[in-house]
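Asks: First, the structure itself, so that you have it in front of you.
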Amino acid sequence: MPLTVAILILNACKKDDATVVPPGPVQISPAVGEYVLSEGTFGGGNNTRLSYHTNSTGVTVGDFFLQQNPTITGGLGDTGNDMIIYGSKLYIVINNSNVVTVLNANNATFLKNISFLNGAVPKFPRYAAAAKGKVYVSNSDGTVSMIDTSSLSITANIPVGSNPEQLAVSGDKLFVTNSGGFNFPNYDSTVSVINLLTNTAGARIRVGLNPRRIAADNAGNLYVVASGNYSSVPAKIVKISAASESVLFSADTAVNTIAWHNNKLYVTNDFAYTGLSSKVRVLSPADFHNLSGSFITDGTVIQTPYGLDVNEENNDIYITDARDYTSSGMVFCFDQTGKKKFSFSVNPGVNPNKVLFKR
């Protein structure tokens, strides 16, 4: 297993991850740079990369983790699937290596590897979300693990549906898509609801076959991507109410990544479907019609849109390009009108899938 050196820095024990934010408008500091996670090639060994791009200089370090941790042998691991910043820490979910790697969010120095083995059985962690001083990680074994951000240890495993994927927080609830992707052709079709006050799973919401992606808005709604079965059952987007835990609206359209920002849904088209004229679109959250059939307005070409993230401070949209899935990837930054501001390579990173903002 990579990252065998266990260095536990004092910051790991701070309580700052559970800081209570007073009510009122949240002031977001400008980003000084971007962390980019590249998952590498699945089963390709230790080729997950963490890159860092400095905004003031335009300089990108392709393997920033290695630069910041030169005494640690090996790399981040196999298939970096997701990452989040919560409090002072950066959490990286590394699927095929069955760890969540925790770094100092300020400088990417190593804090701890959290094992996601149930005895000798892999849990295969997938995605992460955070709330109320905890980090929640979905696992392909049908559970969501709860990580205590002070001890950096798993304190509970909450049963959900089959092969859970993305998670989203709305109020005191955590919504988890259950894809059932390992059970082809018998996919799951539900979203599990976890009460964050009790950390127990309640009823499941039936949304459509093979739900994978999910995004929350600021009005108590969630948007679920159900991918169908790639043949007879079409893909769709489903809008659900967090309060009533019920479906409000759905529409057939094939979407891969999805992000809500300023009452718009930014989406990349699902690469498993053909015949879609544009790769990046903007949809109405009300009824999912195209507000913009092509978000990119200046002719910039992205070969394979793979990840999409929003800098909420200045409304910039970041789209990662996996290109041919084997070459080094790219990151493109656009303003909200779809005009490119800058781009950079994450070489040697392959298949970049997530951008986070260092502030």
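Ordering of the structure tokens sets the chain letters (A, B, ...), residue numbers begin anew at 1 in every chain, and ligands are numbered from 1 in the order given.
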If DSSP is run on the backbone, what residues of range 120-351 of chain A are strand (DSSP E or B)? A reply as a ChimeraX atom specification would be ideal.
Replies: /A:121-122,125-131,134-139,143-148,153-159,164-170,173-178,190-195,200-206,211-216,221-226,236-241,246-252,255-261,264-269,280-283,290-292,305-311,316-321,328-334,340-350
Asks: With only C-alpha atoms counted and 7 Å as the cut-off, give the residues of range 261-329 of chain A in contact with range 344-356 of chain A, each with its shortest interatomic distance in Å and the pair that gives it, as JSON lines.
Replies:
{"residue": "A:Tyr306", "atom": "CA", "partner": "A:Asn353", "partner_atom": "CA", "distance": 5.8}
{"residue": "A:Gly307", "atom": "CA", "partner": "A:Asn353", "partner_atom": "CA", "distance": 4.5}
{"residue": "A:Asp309", "atom": "CA", "partner": "A:Val355", "partner_atom": "CA", "distance": 6.2}
{"residue": "A:Thr320", "atom": "CA", "partner": "A:Pro352", "partner_atom": "CA", "distance": 5.9}
{"residue": "A:Asp321", "atom": "CA", "partner": "A:Pro352", "partner_atom": "CA", "distance": 6.8}
{"residue": "A:Ala322", "atom": "CA", "partner": "A:Asn351", "partner_atom": "CA", "distance": 4.5}
{"residue": "A:Tyr325", "atom": "CA", "partner": "A:Asn351", "partner_atom": "CA", "distance": 5.7}
{"residue": "A:Thr326", "atom": "CA", "partner": "A:Val350", "partner_atom": "CA", "distance": 6.2}
{"residue": "A:Ser327", "atom": "CA", "partner": "A:Val350", "partner_atom": "CA", "distance": 6.1}
{"residue": "A:Ser328", "atom": "CA", "partner": "A:Val350", "partner_atom": "CA", "distance": 4.7}
{"residue": "A:Gly329", "atom": "CA", "partner": "A:Val350", "partner_atom": "CA", "distance": 5.3}
Asks: Those same residues, written as a CSV table (one decimal), in the first residue's frame with all heavy atoms?
Replies:
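So selection-v8.csv came out as:
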chain,number,residue,atom,x,y,z
A,306,TYR,N,-14.3,16.2,-18.4
A,306,TYR,CA,-14.3,15.1,-17.5
A,306,TYR,C,-14.7,15.5,-16.1
A,306,TYR,O,-15.4,14.7,-15.4
A,306,TYR,CB,-12.9,14.5,-17.4
A,306,TYR,CG,-12.8,13.0,-16.9
A,306,TYR,CD1,-13.5,12.0,-17.5
A,306,TYR,CD2,-12.0,12.7,-15.8
A,306,TYR,CE1,-13.4,10.7,-17.1
A,306,TYR,CE2,-11.9,11.4,-15.4
A,306,TYR,CZ,-12.6,10.4,-16.1
A,306,TYR,OH,-12.5,9.1,-15.6
A,307,GLY,N,-14.4,16.7,-15.6
A,307,GLY,CA,-14.8,17.2,-14.4
A,307,GLY,C,-15.2,18.7,-14.5
A,307,GLY,O,-14.8,19.3,-15.5
A,309,ASP,N,-16.1,22.2,-12.0
A,309,ASP,CA,-16.2,22.8,-10.7
A,309,ASP,C,-16.3,24.3,-10.8
A,309,ASP,O,-15.9,24.9,-11.8
A,309,ASP,CB,-15.0,22.4,-9.9
A,309,ASP,CG,-14.9,20.9,-9.6
A,309,ASP,OD1,-15.6,20.5,-8.7
A,309,ASP,OD2,-14.1,20.2,-10.3
A,320,THR,N,-12.2,20.2,-16.6
A,320,THR,CA,-11.0,19.3,-16.8
A,320,THR,C,-11.2,18.5,-18.1
A,320,THR,O,-12.3,18.1,-18.5
A,320,THR,CB,-10.7,18.4,-15.6
A,320,THR,OG1,-11.8,17.4,-15.5
A,320,THR,CG2,-10.6,19.2,-14.3
A,321,ASP,N,-10.1,18.3,-18.8
A,321,ASP,CA,-10.1,17.6,-20.1
A,321,ASP,C,-9.2,16.3,-19.9
A,321,ASP,O,-8.0,16.4,-19.7
A,321,ASP,CB,-9.5,18.5,-21.2
A,321,ASP,CG,-9.7,17.9,-22.6
A,321,ASP,OD1,-10.0,16.7,-22.7
A,321,ASP,OD2,-9.4,18.6,-23.5
A,322,ALA,N,-9.9,15.1,-20.1
A,322,ALA,CA,-9.2,13.9,-20.0
A,322,ALA,C,-8.5,13.5,-21.3
A,322,ALA,O,-7.8,12.5,-21.4
A,322,ALA,CB,-10.1,12.8,-19.6
A,325,TYR,N,-7.7,9.8,-22.4
A,325,TYR,CA,-7.7,9.0,-21.2
A,325,TYR,C,-6.3,8.4,-20.9
A,325,TYR,O,-6.2,7.7,-19.9
A,325,TYR,CB,-8.7,7.9,-21.3
A,325,TYR,CG,-10.1,8.4,-21.5
A,325,TYR,CD1,-10.8,8.2,-22.7
A,325,TYR,CD2,-10.8,9.1,-20.5
A,325,TYR,CE1,-12.1,8.6,-22.9
A,325,TYR,CE2,-12.1,9.5,-20.7
A,325,TYR,CZ,-12.7,9.3,-21.9
A,325,TYR,OH,-14.0,9.8,-22.2
A,326,THR,N,-5.3,8.6,-21.7
A,326,THR,CA,-4.0,8.1,-21.4
A,326,THR,C,-2.9,9.2,-21.5
A,326,THR,O,-1.9,9.0,-20.8
A,326,THR,CB,-3.6,7.0,-22.5
A,326,THR,OG1,-3.7,7.5,-23.8
A,326,THR,CG2,-4.5,5.8,-22.4
A,327,SER,N,-3.2,10.3,-22.2
A,327,SER,CA,-2.2,11.4,-22.2
A,327,SER,C,-2.5,12.3,-21.0
A,327,SER,O,-3.5,12.2,-20.3
A,327,SER,CB,-2.4,12.2,-23.5
A,327,SER,OG,-2.3,11.4,-24.6
A,328,SER,N,-1.5,13.2,-20.7
A,328,SER,CA,-1.6,14.1,-19.6
A,328,SER,C,-2.8,15.0,-19.8
A,328,SER,O,-3.1,15.5,-21.0
A,328,SER,CB,-0.4,15.0,-19.5
A,328,SER,OG,0.7,14.2,-19.1
A,329,GLY,N,-3.6,15.3,-18.8
A,329,GLY,CA,-4.8,16.1,-18.9
A,329,GLY,C,-4.6,17.6,-18.8
A,329,GLY,O,-3.5,18.1,-18.6
Asks: Looking at A:Val207, A:Val32, A:Ile214, A:Ala105, which one is nearest to Leu248 in chain A, with distances taken over only C-alpha atoms?
Replies: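 Going through A:Val207, A:Val32, A:Ile214, A:Ala105 one by one, the smallest distance to Leu248 in chain A is for A:Val207.
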Asks: For Asn139 in chain A, list every protein, DNA or RNA residue within 8 Å, evaluated using only C-alpha atoms, and leave out those in the same chain fewer than 2 positions away; present the list as a list in words.
Replies: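 That gives Lys123, Phe124, Pro125, Arg126, Tyr127, Val137, Asp141, Gly142, Thr143, Val144, Ser145, Asn163, Pro164 and Glu165 of chain A.
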Asks: Taking only C-alpha atoms into account, name the residue in A:Phe332, A:Tyr223, A:Phe342, A:Tyr273 that is nearest to Asp287 in chain A.
Replies: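 Result for the nearest residue to Asp287 in chain A: A:Tyr223.
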Asks: Residues within 8 Å of range 189-202 of chain A, please, as number ranges by chain. Count only C-alpha atoms; anything in the same chain fewer than 6 positions from it doesn't count.
Replies: A: 131-132, 158-161, 172-180, 208-211, 226
Asks: At a cut-off of 7 Å, using only C-alpha atoms, what residues contact Arg281 in chain A? Leave out same-chain residues fewer than 5 positions from it and give the result as a compact mmCIF listing (two decimals) with N, CA and C atoms, in the first residue's frame.
Replies:
# COMPACT_ATOMS: atom_id res chain seq x y z
N TYR A 266 -24.80 23.59 -14.47
CA TYR A 266 -23.73 23.40 -15.44
C TYR A 266 -23.48 21.90 -15.56
N VAL A 267 -23.51 21.38 -16.78
CA VAL A 267 -23.40 19.94 -16.97
C VAL A 267 -22.46 19.62 -18.12
N THR A 268 -21.81 18.47 -18.01
CA THR A 268 -21.13 17.88 -19.15
C THR A 268 -21.96 16.70 -19.62
N SER A 292 -28.33 27.38 -22.29
CA SER A 292 -27.28 27.54 -23.30
C SER A 292 -26.90 26.16 -23.81
N GLY A 293 -27.13 25.93 -25.11
CA GLY A 293 -26.80 24.65 -25.69
C GLY A 293 -25.31 24.39 -25.74
N SER A 294 -24.53 25.47 -25.68
CA SER A 294 -23.07 25.34 -25.62
C SER A 294 -22.54 26.41 -24.68
N PHE A 295 -22.07 25.99 -23.50
CA PHE A 295 -21.56 26.95 -22.54
C PHE A 295 -20.35 27.70 -23.08
Asks: Using only C-alpha atoms, tabulate the residues of range 150-224 of chain A lying at most 12 Å from any atom of range 94-103 of chain A, each with its closest atom pair and that distance in Å to one decimal, by chain and increasing residue number, as CSV.
Replies:
residue,atom,partner,partner_atom,distance
A:Ser150,CA,A:Val102,CA,11.5
A:Ser151,CA,A:Val102,CA,11.5
A:Leu152,CA,A:Val102,CA,8.2
A:Ser153,CA,A:Val100,CA,10.1
A:Ile154,CA,A:Val100,CA,10.4
A:Glu165,CA,A:Asn95,CA,11.5
